[in-house]
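Novice: Could you have a look at this structure, given as structure tokens, before my questions?
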Amino acid sequence: MERSILFFDIDGTILSEKTHEIPQSAMEALHSAKKKGHLLFINTGRTLCGIPPELRRFPFDGYLCGCGTCLLYGDEVLFAHPLPKERGRKIIKKMFDCNVEGIAEGTEDNYLPERISRFEPLESTRRYFHRAGIGQEQYMETGDFEYDKLFVYADEKSKTEEFFAFIAEDMEVLERGRYAYEIIQKDFSKATACAYMLKKFQIDKEHAYVFGDSSNDLSMFAYAGHAVAMGAHDPVLDIHTEFVTKNVEDDGLYHALKQYGLIE
């Protein structure tokens with residue numbers, strides 16, 4: 001079998017959002033695919049600092065982070081595109097002016113507001129980050145840092161449309177559920193990350209497999225030759241989905257790789 005290149009989302013795809021663990025069957029499937037000679041990449045909306053340690057211990061060929069804004073092959077950074085610092089500060093100021101709250105996600109660290117948020121999911125994320133040693137060095141309001149993207153929350157108290165209009169020239173908004181929005185740089189996506197690696201390794205799209213479950217996986221689903229949706233997935237992926245596997249905690253990754261003959 002020819003060498004293929006496999007791109008995996010993290011949350012809900014490799015890492016169960018129910019157990020918050022990587023199922024043993026998923027790890028066995030990844031090791032088997034690696035032994036077969038396939039290239040394995042994480043392709044995630046998370047920035048590099050947010051990759052779970054248990055995934056960093058697995059010998060992936062690389063990590064494609066921040067929806068295409070930071071690409072690593074082994075320990076080598078092939079490409080990085082943070083927001084220009086001045087523009088990034090203006091966006092954060094506009095966030096606070098518009099009563100929008102959230103997180104600035106960077107390669108080195110993630111940056112949270114100093115004040116307690118009225119959005120419980122943001123405070124839950126703060127607690128998760130602090131347990132992982134993330135987001136404790138600088139605050140959004142006063143820090144001197146670069147970042148790649150944002151994850152924000154807005155409600156009836158927010159001037160949401162005003163904020164979105166302000167960032168429209170260089171940012172794209174992805175809805176991620178009630179009050180939640182992932183904000184990524186225009187011209188960068190999980191698809192551009194896939195394209196970069198296919199060109200680097202001279203692999204055709206027909207030998208590219210993507211695995212995901214959420215709306216920020218849409219671009220790579222539209223791009224790759226084979227798109228696999230996890231059992232519980234955002235319906236927006238359906239139009240480009242070739243195969244629906246089981247949920248990750250129900251051996252979904254193993255089932256999918258077996259289905260395509262990528263493992264024995």
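Letters A, B, ... mark the chains of the structure tokens in the order given; residue numbers begin at 1 per chain; ligand numbers begin at 1, in order shown.
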Excluding same-chain residues fewer than 2 positions from Ser215 (chain A), what lies within 7 Å of it counting only C-alpha atoms, as number ranges by chain?
Specialist: A: 217-218, 234, 236-237
Novice: Can you pull out every residue within 9 Å of Ile51 (chain A), counting only C-alpha atoms, but drop anything in the same chain fewer than 5 positions away, and send it as a PyMOL selection string?
Specialist: chain A and resi 10+44+46+56+63+65
Novice: Could you pull out the strand (DSSP E or B) residues of region 12-199 of chain A, going by DSSP on the backbone, and write them as JSON, numbers by chain?
Specialist: {"A": [15, 39, 40, 41, 42, 43, 62, 63, 64, 65, 70, 71, 72, 73, 76, 77, 78, 79, 80, 101, 102, 103, 104, 105, 110, 111, 112, 139, 149, 150, 151, 152, 153, 171, 172, 173, 174, 175, 180, 181, 182, 183, 184, 185]}
Novice: Nearest to His233 (chain A) among A:Ser219, A:Asn99, A:Lys85, A:Asp213, with distances taken over only C-alpha atoms: which residue is it?
Specialist: A:Asp213
Novice: Of the candidates A:Tyr128, A:Phe164, A:Tyr147, A:Phe7, which shows the shortest atom-to-atom distance to His226 (chain A), using only C-alpha atoms?
Specialist: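 Among the listed residues, the smallest separation from His226 (chain A) belongs to A:Phe7.
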Novice: Using Å and a single decimal, report how far CA of Phe211 (chain A) sits from CA of Met230 (chain A).
Specialist: 7.3 Å
Novice: Identify, with DSSP run on backbone atoms, the residues in region 12-195 of chain A assigned to alpha helix (DSSP H), and express the list as a VMD selection string.
Specialist: chain A and resid 24 to 35 53 to 56 85 to 97 120 to 131 160 to 167 190 to 195
Novice: Write out as CSV the residues of region 14-120 of chain A that have any atom within 8 Å of an atom of region 176-187 of chain A, one row each with the nearest atom pair and its distance in Å to one decimal, counting only C-alpha atoms, sorted by chain and then rising number.
Specialist:
residue,atom,partner,partner_atom,distance
A:Gly66,CA,A:Ile184,CA,7.8
A:Cys67,CA,A:Ile184,CA,6.9
A:Thr69,CA,A:Gln185,CA,7.9
A:Leu83,CA,A:Gln185,CA,7.8
Novice: Generate a file of the selected residues that holds C-alpha atoms, formatted as a tab-separated table (two decimals), in the first residue's frame.
Specialist:
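Final output, result_24.tsv:
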chain	number	residue	atom	x	y	z
A	66	GLY	CA	-3.92	27.38	15.32
A	67	CYS	CA	-5.99	26.54	12.22
A	69	THR	CA	-0.96	29.41	11.50
A	83	LEU	CA	-1.14	38.42	14.06
Novice: Between A:Ile239, A:Met140, A:Ala256, A:Leu40, which is the closest to Ser25 (chain A) once you count only C-alpha atoms?
Specialist: A:Ala256
Novice: Find the spatial neighbours of Phe221 (chain A), counting only C-alpha atoms, within a cut-off of 12 Å - ignore same-chain residues fewer than 6 positions away - and output them as a PDB file with N, CA, C and O atoms, in the first residue's frame.
Specialist:
ATOM      1  N   PHE A   7      -4.467  13.263   8.899  1.00  0.00           N
ATOM      2  CA  PHE A   7      -4.584  14.490   9.691  1.00  0.00           C
ATOM      3  C   PHE A   7      -5.711  14.309  10.710  1.00  0.00           C
ATOM      4  O   PHE A   7      -6.849  14.009  10.344  1.00  0.00           O
ATOM      5  N   PHE A   8      -5.404  14.556  11.971  1.00  0.00           N
ATOM      6  CA  PHE A   8      -6.353  14.315  13.052  1.00  0.00           C
ATOM      7  C   PHE A   8      -6.649  15.584  13.847  1.00  0.00           C
ATOM      8  O   PHE A   8      -5.734  16.261  14.325  1.00  0.00           O
ATOM      9  N   ASP A   9      -7.931  15.879  14.003  1.00  0.00           N
ATOM     10  CA  ASP A   9      -8.371  16.834  15.004  1.00  0.00           C
ATOM     11  C   ASP A   9      -8.086  16.217  16.385  1.00  0.00           C
ATOM     12  O   ASP A   9      -7.821  15.011  16.485  1.00  0.00           O
ATOM     13  N   ASN A  43      -3.871  18.083  13.394  1.00  0.00           N
ATOM     14  CA  ASN A  43      -4.295  19.303  12.691  1.00  0.00           C
ATOM     15  C   ASN A  43      -5.418  19.912  13.519  1.00  0.00           C
ATOM     16  O   ASN A  43      -6.558  19.451  13.491  1.00  0.00           O
ATOM     17  N   SER A 189      -6.182  28.042   7.440  1.00  0.00           N
ATOM     18  CA  SER A 189      -7.194  27.096   7.891  1.00  0.00           C
ATOM     19  C   SER A 189      -6.544  25.725   8.030  1.00  0.00           C
ATOM     20  O   SER A 189      -5.370  25.529   7.682  1.00  0.00           O
ATOM     21  N   LYS A 190      -7.320  24.783   8.495  1.00  0.00           N
ATOM     22  CA  LYS A 190      -6.819  23.407   8.534  1.00  0.00           C
ATOM     23  C   LYS A 190      -6.548  22.894   7.119  1.00  0.00           C
ATOM     24  O   LYS A 190      -5.677  22.040   6.929  1.00  0.00           O
ATOM     25  N   ALA A 191      -7.264  23.415   6.131  1.00  0.00           N
ATOM     26  CA  ALA A 191      -7.023  23.007   4.745  1.00  0.00           C
ATOM     27  C   ALA A 191      -5.682  23.516   4.237  1.00  0.00           C
ATOM     28  O   ALA A 191      -4.949  22.792   3.552  1.00  0.00           O
ATOM     29  N   THR A 192      -5.324  24.761   4.545  1.00  0.00           N
ATOM     30  CA  THR A 192      -4.028  25.277   4.092  1.00  0.00           C
ATOM     31  C   THR A 192      -2.886  24.513   4.759  1.00  0.00           C
ATOM     32  O   THR A 192      -1.831  24.316   4.147  1.00  0.00           O
ATOM     33  N   CYS A 194      -3.051  21.275   5.573  1.00  0.00           N
ATOM     34  CA  CYS A 194      -2.986  20.019   4.808  1.00  0.00           C
ATOM     35  C   CYS A 194      -2.235  20.230   3.498  1.00  0.00           C
ATOM     36  O   CYS A 194      -1.356  19.442   3.127  1.00  0.00           O
ATOM     37  N   LYS A 205      -3.740  14.305  -3.103  1.00  0.00           N
ATOM     38  CA  LYS A 205      -4.916  14.409  -2.218  1.00  0.00           C
ATOM     39  C   LYS A 205      -5.611  13.071  -2.007  1.00  0.00           C
ATOM     40  O   LYS A 205      -6.223  12.836  -0.967  1.00  0.00           O
ATOM     41  N   ALA A 208      -4.689  11.468   1.075  1.00  0.00           N
ATOM     42  CA  ALA A 208      -4.840  12.292   2.276  1.00  0.00           C
ATOM     43  C   ALA A 208      -6.149  11.942   2.968  1.00  0.00           C
ATOM     44  O   ALA A 208      -7.220  11.943   2.339  1.00  0.00           O
ATOM     45  N   TYR A 209      -6.061  11.646   4.267  1.00  0.00           N
ATOM     46  CA  TYR A 209      -7.227  11.273   5.072  1.00  0.00           C
ATOM     47  C   TYR A 209      -7.337  12.261   6.235  1.00  0.00           C
ATOM     48  O   TYR A 209      -6.360  12.510   6.937  1.00  0.00           O
ATOM     49  N   VAL A 210      -8.526  12.805   6.427  1.00  0.00           N
ATOM     50  CA  VAL A 210      -8.748  13.728   7.542  1.00  0.00           C
ATOM     51  C   VAL A 210      -9.817  13.162   8.460  1.00  0.00           C
ATOM     52  O   VAL A 210     -10.776  12.522   8.018  1.00  0.00           O
ATOM     53  N   PHE A 211      -9.646  13.410   9.755  1.00  0.00           N
ATOM     54  CA  PHE A 211     -10.533  12.873  10.780  1.00  0.00           C
ATOM     55  C   PHE A 211     -10.931  14.014  11.709  1.00  0.00           C
ATOM     56  O   PHE A 211     -10.064  14.688  12.275  1.00  0.00           O
ATOM     57  N   GLY A 212     -12.233  14.235  11.889  1.00  0.00           N
ATOM     58  CA  GLY A 212     -12.662  15.336  12.734  1.00  0.00           C
ATOM     59  C   GLY A 212     -14.117  15.248  13.111  1.00  0.00           C
ATOM     60  O   GLY A 212     -14.831  14.308  12.730  1.00  0.00           O
ATOM     61  N   ASP A 213     -14.568  16.278  13.847  1.00  0.00           N
ATOM     62  CA  ASP A 213     -15.939  16.252  14.343  1.00  0.00           C
ATOM     63  C   ASP A 213     -16.604  17.626  14.429  1.00  0.00           C
ATOM     64  O   ASP A 213     -17.792  17.712  14.673  1.00  0.00           O
ATOM     65  N   SER A 214     -15.831  18.709  14.250  1.00  0.00           N
ATOM     66  CA  SER A 214     -16.399  20.030  14.528  1.00  0.00           C
ATOM     67  C   SER A 214     -16.335  20.958  13.323  1.00  0.00           C
ATOM     68  O   SER A 214     -15.717  20.644  12.300  1.00  0.00           O
ATOM     69  N   SER A 215     -16.956  22.126  13.471  1.00  0.00           N
ATOM     70  CA  SER A 215     -17.087  23.053  12.347  1.00  0.00           C
ATOM     71  C   SER A 215     -15.744  23.569  11.846  1.00  0.00           C
ATOM     72  O   SER A 215     -15.608  23.875  10.658  1.00  0.00           O
ATOM     73  N   ALA A 227     -12.557  12.019   3.854  1.00  0.00           N
ATOM     74  CA  ALA A 227     -12.942  12.739   5.070  1.00  0.00           C
ATOM     75  C   ALA A 227     -13.775  11.816   5.955  1.00  0.00           C
ATOM     76  O   ALA A 227     -14.815  11.307   5.531  1.00  0.00           O
ATOM     77  N   VAL A 228     -13.310  11.642   7.183  1.00  0.00           N
ATOM     78  CA  VAL A 228     -13.957  10.744   8.142  1.00  0.00           C
ATOM     79  C   VAL A 228     -14.496  11.566   9.307  1.00  0.00           C
ATOM     80  O   VAL A 228     -13.730  12.237  10.009  1.00  0.00           O
ATOM     81  N   ALA A 229     -15.798  11.513   9.513  1.00  0.00           N
ATOM     82  CA  ALA A 229     -16.436  12.196  10.634  1.00  0.00           C
ATOM     83  C   ALA A 229     -16.638  11.211  11.781  1.00  0.00           C
ATOM     84  O   ALA A 229     -17.013  10.049  11.562  1.00  0.00           O
ATOM     85  N   VAL A 236     -22.586  20.193   9.859  1.00  0.00           N
ATOM     86  CA  VAL A 236     -22.017  20.999   8.774  1.00  0.00           C
ATOM     87  C   VAL A 236     -20.985  20.202   7.981  1.00  0.00           C
ATOM     88  O   VAL A 236     -20.727  20.502   6.809  1.00  0.00           O
ATOM     89  N   LEU A 237     -20.422  19.162   8.590  1.00  0.00           N
ATOM     90  CA  LEU A 237     -19.409  18.342   7.911  1.00  0.00           C
ATOM     91  C   LEU A 237     -20.017  17.344   6.925  1.00  0.00           C
ATOM     92  O   LEU A 237     -19.296  16.809   6.062  1.00  0.00           O
ATOM     93  N   ASP A 238     -21.312  17.081   7.030  1.00  0.00           N
ATOM     94  CA  ASP A 238     -21.916  15.975   6.289  1.00  0.00           C
ATOM     95  C   ASP A 238     -21.730  16.071   4.783  1.00  0.00           C
ATOM     96  O   ASP A 238     -21.511  15.058   4.102  1.00  0.00           O
ATOM     97  N   ILE A 239     -21.792  17.276   4.238  1.00  0.00           N
ATOM     98  CA  ILE A 239     -21.722  17.434   2.789  1.00  0.00           C
ATOM     99  C   ILE A 239     -20.394  16.939   2.216  1.00  0.00           C
ATOM    100  O   ILE A 239     -20.319  16.502   1.070  1.00  0.00           O
ATOM    101  N   HIS A 240     -19.341  16.969   3.028  1.00  0.00           N
ATOM    102  CA  HIS A 240     -18.021  16.542   2.556  1.00  0.00           C
ATOM    103  C   HIS A 240     -17.554  15.228   3.182  1.00  0.00           C
ATOM    104  O   HIS A 240     -16.435  14.778   2.921  1.00  0.00           O
ATOM    105  N   THR A 241     -18.384  14.617   4.021  1.00  0.00           N
ATOM    106  CA  THR A 241     -17.986  13.407   4.734  1.00  0.00           C
ATOM    107  C   THR A 241     -18.115  12.180   3.833  1.00  0.00           C
ATOM    108  O   THR A 241     -19.166  11.939   3.237  1.00  0.00           O
ATOM    109  N   GLU A 242     -17.049  11.407   3.750  1.00  0.00           N
ATOM    110  CA  GLU A 242     -17.063  10.167   2.975  1.00  0.00           C
ATOM    111  C   GLU A 242     -17.488   8.982   3.838  1.00  0.00           C
ATOM    112  O   GLU A 242     -18.151   8.064   3.377  1.00  0.00           O
ATOM    113  N   PHE A 243     -17.097   9.017   5.113  1.00  0.00           N
ATOM    114  CA  PHE A 243     -17.384   7.890   6.002  1.00  0.00           C
ATOM    115  C   PHE A 243     -17.609   8.416   7.409  1.00  0.00           C
ATOM    116  O   PHE A 243     -16.865   9.269   7.886  1.00  0.00           O
TER     117      PHE A 243
END
Novice: Can you tell me which residues surround His38 (chain A) at a distance of at most 7 Å, considering only C-alpha atoms, apart from same-chain residues fewer than 4 positions away, and format the answer as a list in words?
Specialist: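 Neighbouring residues, sequence-local ones excluded: Arg3, Ser4, Ile5, Ala33 and Lys34 of chain A.
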Novice: Using only C-alpha atoms, which of A:Asp204, A:Glu76, A:Glu17, A:Glu175 sits nearest Ala154 (chain A)?
Specialist: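 Closest candidate: A:Glu175.
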Novice: So how many Å separate CA of Phe41 (chain A) and CA of Glu21 (chain A), to one decimal?
Specialist: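 Between CA of Phe41 (chain A) and CA of Glu21 (chain A) the gap is 18.7 Å.
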